[in-house]
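Data file: coords36.txt. Format and content: compact mmCIF, C-alpha atoms.
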# COMPACT_ATOMS: atom_id res chain seq x y z
CA MET I 229 53.33 5.33 6.41
CA PRO I 230 56.28 7.55 5.42
CA LEU I 231 57.88 6.79 2.10
CA PRO I 232 61.63 6.48 1.51
CA SER I 233 63.18 9.91 1.37
CA PHE I 234 66.28 11.40 -0.14
CA GLN I 235 68.65 13.99 1.28
CA ILE I 236 70.39 16.61 -0.79
CA ASP I 237 74.17 16.84 -0.40
CA GLN I 238 75.22 20.36 -1.39
CA SER I 239 78.78 19.96 -0.12
CA LEU I 240 80.01 18.90 -3.56
CA PRO I 241 82.15 21.40 -5.46
CA ARG I 242 80.39 23.37 -8.19
CA LYS I 243 81.29 22.30 -11.70
CA SER I 244 80.07 25.38 -13.50
CA ALA I 245 79.03 28.88 -12.53
CA GLY I 246 75.40 29.11 -11.54
CA HIS I 247 74.84 25.34 -11.30
CA SER I 248 75.05 23.46 -8.05
CA PRO I 249 75.42 19.67 -8.48
CA MET I 250 73.07 17.56 -6.40
CA LYS I 251 73.88 14.15 -4.97
CA LEU I 252 71.03 12.00 -3.62
CA HIS I 253 71.49 9.71 -0.64
CA ASN I 254 68.87 7.03 -0.25
CA THR I 255 67.68 6.93 3.39
CA ILE I 256 65.25 3.99 3.24
CA THR I 257 64.32 2.71 6.67
CA GLN I 258 64.32 -1.01 7.37
CA GLN I 259 61.13 -0.81 9.42
CA TYR I 260 59.01 -1.74 6.36
CA GLN I 261 59.09 -5.17 4.77
CA THR I 262 60.39 -4.66 1.23
CA ILE I 263 61.06 -7.35 -1.37
CA THR I 264 64.73 -6.94 -2.22
CA ALA I 265 65.12 -9.99 -4.51
CA TYR I 266 63.19 -12.99 -5.78
CA ASP I 267 63.48 -16.02 -8.02
CA ASP I 268 61.56 -19.26 -8.57
CA ALA I 269 62.99 -20.84 -5.41
CA GLY I 270 62.46 -18.06 -2.88
CA VAL I 271 62.23 -14.44 -1.92
CA GLU I 272 64.47 -11.98 -0.11
CA ILE I 273 62.83 -9.50 2.27
CA ASN I 274 65.07 -6.72 3.54
CA ALA I 275 68.04 -8.84 2.43
CA VAL I 276 66.88 -11.95 4.39
CA GLY I 277 66.10 -15.03 2.29
CA TYR I 278 63.02 -17.26 2.59
CA GLN I 279 62.27 -20.47 0.68
CA HIS I 280 58.87 -21.36 2.13
CA SER I 281 55.35 -20.00 1.80
CA LEU I 282 54.82 -16.82 3.79
CA VAL I 283 52.64 -13.76 4.31
CA VAL I 284 54.22 -10.31 4.31
CA LEU I 285 52.73 -6.96 5.34
CA PRO I 286 54.62 -3.64 5.31
CA GLU I 287 54.80 -3.20 9.10
CA LEU I 288 54.93 -6.81 10.30
CA ALA I 289 57.71 -9.36 10.20
CA PRO I 290 57.09 -12.09 7.59
CA VAL I 291 54.78 -14.83 8.89
CA VAL I 292 55.13 -18.49 7.95
CA TRP I 293 52.11 -19.54 5.90
CA PRO I 294 51.58 -23.31 6.18
CA VAL I 295 50.74 -23.86 2.50
CA ASN I 296 52.75 -26.59 0.78
CA SER I 297 51.23 -26.06 -2.68
CA PHE I 298 48.51 -24.16 -4.50
CA ASP I 299 46.30 -27.26 -4.52
CA ALA I 300 46.51 -27.46 -0.71
CA LEU I 301 44.90 -24.02 -0.17
CA SER I 302 41.96 -23.97 2.24
CA VAL I 303 39.55 -21.50 3.84
CA GLU I 304 41.73 -21.62 6.98
CA HIS I 305 44.76 -20.36 5.06
CA PHE I 306 42.83 -17.28 3.97
CA ALA I 307 41.39 -16.84 7.48
CA GLN I 308 45.00 -16.44 8.68
CA ILE I 309 45.45 -13.59 6.18
CA ASP I 310 42.06 -12.06 7.02
CA ALA I 311 43.06 -11.89 10.70
CA LEU I 312 45.83 -9.45 9.68
CA LYS I 313 43.18 -7.05 8.31
CA PRO I 314 44.82 -6.12 4.99
CA ASP I 315 43.31 -3.67 2.50
CA VAL I 316 44.22 -5.92 -0.42
CA VAL I 317 45.79 -9.38 -0.83
CA ILE I 318 48.38 -10.08 -3.50
CA LEU I 319 48.45 -13.85 -3.91
CA GLY I 320 51.59 -15.29 -5.49
CA THR I 321 50.54 -18.68 -6.82
CA GLY I 322 54.00 -20.02 -7.62
CA ALA I 323 55.80 -20.10 -10.96
CA ARG I 324 52.57 -19.56 -12.89
CA GLN I 325 49.36 -17.65 -12.34
CA ARG I 326 46.42 -19.63 -10.98
CA PHE I 327 43.08 -18.51 -9.58
CA VAL I 328 41.54 -19.58 -6.27
CA HIS I 329 37.97 -20.77 -5.95
CA PRO I 330 35.71 -17.95 -4.69
CA ARG I 331 34.58 -20.03 -1.69
CA LEU I 332 38.15 -19.95 -0.32
CA ILE I 333 38.23 -16.15 -0.19
CA ALA I 334 34.57 -15.53 0.71
CA ALA I 335 35.40 -13.99 4.11
CA LEU I 336 37.83 -11.53 2.52
CA THR I 337 35.34 -10.70 -0.23
CA ALA I 338 32.62 -10.09 2.37
CA ARG I 339 34.93 -7.49 3.99
CA ARG I 340 35.48 -5.94 0.54
CA VAL I 341 39.13 -7.00 0.46
CA GLY I 342 40.32 -7.72 -3.06
CA VAL I 343 42.44 -10.80 -3.76
CA GLU I 344 44.62 -10.54 -6.85
CA SER I 345 46.25 -13.74 -8.11
CA MET I 346 49.49 -13.68 -10.10
CA ASP I 347 52.75 -15.58 -10.37
CA ASN I 348 55.21 -15.01 -7.52
CA GLN I 349 57.50 -12.66 -9.41
CA ALA I 350 54.66 -10.36 -10.50
CA ALA I 351 53.23 -10.53 -6.96
CA CYS I 352 56.54 -9.34 -5.47
CA ARG I 353 56.73 -6.38 -7.85
CA THR I 354 53.09 -5.44 -7.25
CA TYR I 355 53.47 -5.66 -3.47
CA ASN I 356 56.46 -3.27 -3.50
CA ILE I 357 54.49 -0.74 -5.55
CA LEU I 358 51.43 -0.91 -3.28
CA MET I 359 53.59 -0.73 -0.15
CA ALA I 360 55.38 2.37 -1.51
CA GLU I 361 51.95 3.96 -2.04
CA GLY I 362 51.19 3.46 1.65
CA ARG I 363 48.65 0.66 1.15
CA LYS I 364 48.24 -2.09 3.74
CA ALA I 365 48.84 -4.85 1.21
CA ALA I 366 49.32 -8.46 2.24
CA LEU I 367 51.66 -10.48 0.05
CA ALA I 368 50.92 -14.19 0.29
CA LEU I 369 53.50 -16.28 -1.56
CA ILE I 370 53.26 -20.00 -2.24
CA PHE I 371 56.48 -21.97 -2.65
CA ASP I 372 55.94 -25.66 -3.26
CA THR I 373 57.49 -27.68 -0.44
CA PRO I 374 57.16 -31.32 0.59
CA ALA I 375 54.43 -31.89 3.18
CA GLN I 376 55.73 -32.49 6.69
CA PRO I 377 54.72 -35.83 8.24

Can the structure in the file be given as structure tokens, please?
Amino acid sequence: MPLPSFQIDQSLPRKSAGHSPMKLHNTITQQYQTITAYDDAGVEINAVGYQHSLVVLPELAPVVWPVNSFDALSVEHFAQIDALKPDVVILGTGARQRFVHPRLIAALTARRVGVESMDNQAACRTYNILMAEGRKAALALIFDTPAQP
């Protein structure tokens, strides 16, 4: 996966003899899912806001993750992530860090896929770092929402 690149603009006038000023232009492509903002109520991915639980991978559009709360997590929720074949899962457990029971992530563990639990804000930062390194990281964020009848 190519990383964001910068172009050098040498058309600027020289300020002193022997030194050429350099201006950098960020040329980030929107083809990768990047966390551009977050708070306790939601997350912004490539400048699009979301306020529900979701799974994000660098090269796939965000996927709705039908998790209403941390306590509602099930084996099926992690099977949905496993089907995406990530290298590592960054689990955002809401406003505070919580740890899942090992039986919920047994299928991922059997495939040697690590699951790291942290609060949502730390998860967003960690995902962006791993994505920039070219890792196929899955970001799974839980935002508490009322259950649908």

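Between atom CA of I:Val292 and atom CA of I:His280 lies a distance of 7.5 Å.
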
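Using only C-alpha atoms for every distance, the candidate list I:Val303, I:Ile370, I:Ala351, I:Val317 yields I:Ala351 as the residue closest to I:Ile263.
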
Open item on the list: What does the structure give for the distance between atom CA of I:Leu312 and atom CA of I:Glu272, in Å to one decimal?
Closed with: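 Atom-to-atom, atom CA of I:Leu312 to atom CA of I:Glu272, that is 21.2 Å.
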
Extending 3 Å beyond the listed atoms of stretch 351-355 of chain I on each side, what axis-aligned box results? I want centre and edge lengths in Å to one decimal, as AutoDock Vina command-line options.
--center_x 54.9 --center_y -8.0 --center_z -5.7 --size_x 9.6 --size_y 11.1 --size_z 10.4

TODO: Pick out the residues sitting within 9 Å of stretch 337-342 of chain I, and hand them over as a list in words; count all atoms listed in the file, and ignore anything fewer than 4 positions along from it in its own chain.
DONE: Asp310, Lys313, Pro314, Asp315, Val316, Val317, Ile318, Pro330 and Ile333 of chain I

Open item on the list: I'd like the interatomic distance between atom CA of I:Ser281 and atom CA of I:Tyr355, to a tenth of an Å.
Closed with: 15.4 Å

TODO: May I ask which of the residues I:Ala311, I:Ala365, I:Gln259, I:Gly320 is the closest one to I:Val295, counting all atoms listed in the file?
DONE: I:Gly320

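Excluding I:Val276 itself and any same-chain residue fewer than 4 positions from it, the protein and nucleic acid residues within 12 Å of it, counting only C-alpha atoms, are Gln258, Gln261, Thr262, Ile263, Thr264, Ala265, Tyr266, Gly270, Val271, Glu272, Ala289 and Pro290 of chain I.
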
Task: Nearest to I:Tyr278 by atom-to-atom distance, counting all atoms listed in the file, from I:Met359, I:Leu301, I:Val291, I:Ala307 - done: I:Val291

Will you model N, CA and C atoms for stretch 343-360 of chain I and pass it back as a CSV table (one decimal), in the frame of the given file?
chain,number,residue,atom,x,y,z
I,343,VAL,N,41.4,-9.8,-3.7
I,343,VAL,CA,42.4,-10.8,-3.8
I,343,VAL,C,42.9,-10.9,-5.2
I,344,GLU,N,44.1,-10.5,-5.5
I,344,GLU,CA,44.6,-10.5,-6.8
I,344,GLU,C,45.6,-11.7,-7.0
I,345,SER,N,45.4,-12.6,-7.9
I,345,SER,CA,46.2,-13.7,-8.1
I,345,SER,C,47.2,-13.5,-9.3
I,346,MET,N,48.5,-13.8,-9.1
I,346,MET,CA,49.5,-13.7,-10.1
I,346,MET,C,50.7,-14.6,-9.8
I,347,ASP,N,51.6,-14.8,-10.7
I,347,ASP,CA,52.8,-15.6,-10.4
I,347,ASP,C,53.6,-14.9,-9.3
I,348,ASN,N,54.5,-15.6,-8.6
I,348,ASN,CA,55.2,-15.0,-7.5
I,348,ASN,C,56.0,-13.8,-7.9
I,349,GLN,N,56.7,-13.8,-9.0
I,349,GLN,CA,57.5,-12.7,-9.4
I,349,GLN,C,56.7,-11.4,-9.6
I,350,ALA,N,55.5,-11.5,-10.3
I,350,ALA,CA,54.7,-10.4,-10.5
I,350,ALA,C,54.1,-9.9,-9.2
I,351,ALA,N,53.8,-10.9,-8.3
I,351,ALA,CA,53.2,-10.5,-7.0
I,351,ALA,C,54.2,-9.7,-6.2
I,352,CYS,N,55.5,-10.1,-6.2
I,352,CYS,CA,56.5,-9.3,-5.5
I,352,CYS,C,56.6,-7.9,-6.0
I,353,ARG,N,56.6,-7.7,-7.3
I,353,ARG,CA,56.7,-6.4,-7.8
I,353,ARG,C,55.5,-5.6,-7.5
I,354,THR,N,54.3,-6.1,-7.6
I,354,THR,CA,53.1,-5.4,-7.2
I,354,THR,C,53.0,-5.0,-5.8
I,355,TYR,N,53.4,-6.0,-4.9
I,355,TYR,CA,53.5,-5.7,-3.5
I,355,TYR,C,54.4,-4.4,-3.2
I,356,ASN,N,55.6,-4.4,-3.8
I,356,ASN,CA,56.5,-3.3,-3.5
I,356,ASN,C,55.8,-1.9,-4.0
I,357,ILE,N,55.1,-2.0,-5.1
I,357,ILE,CA,54.5,-0.7,-5.6
I,357,ILE,C,53.4,-0.3,-4.6
I,358,LEU,N,52.5,-1.2,-4.2
I,358,LEU,CA,51.4,-0.9,-3.3
I,358,LEU,C,52.0,-0.5,-1.9
I,359,MET,N,53.0,-1.1,-1.4
I,359,MET,CA,53.6,-0.7,-0.2
I,359,MET,C,54.1,0.7,-0.2
I,360,ALA,N,54.8,1.0,-1.3
I,360,ALA,CA,55.4,2.4,-1.5
I,360,ALA,C,54.3,3.4,-1.6
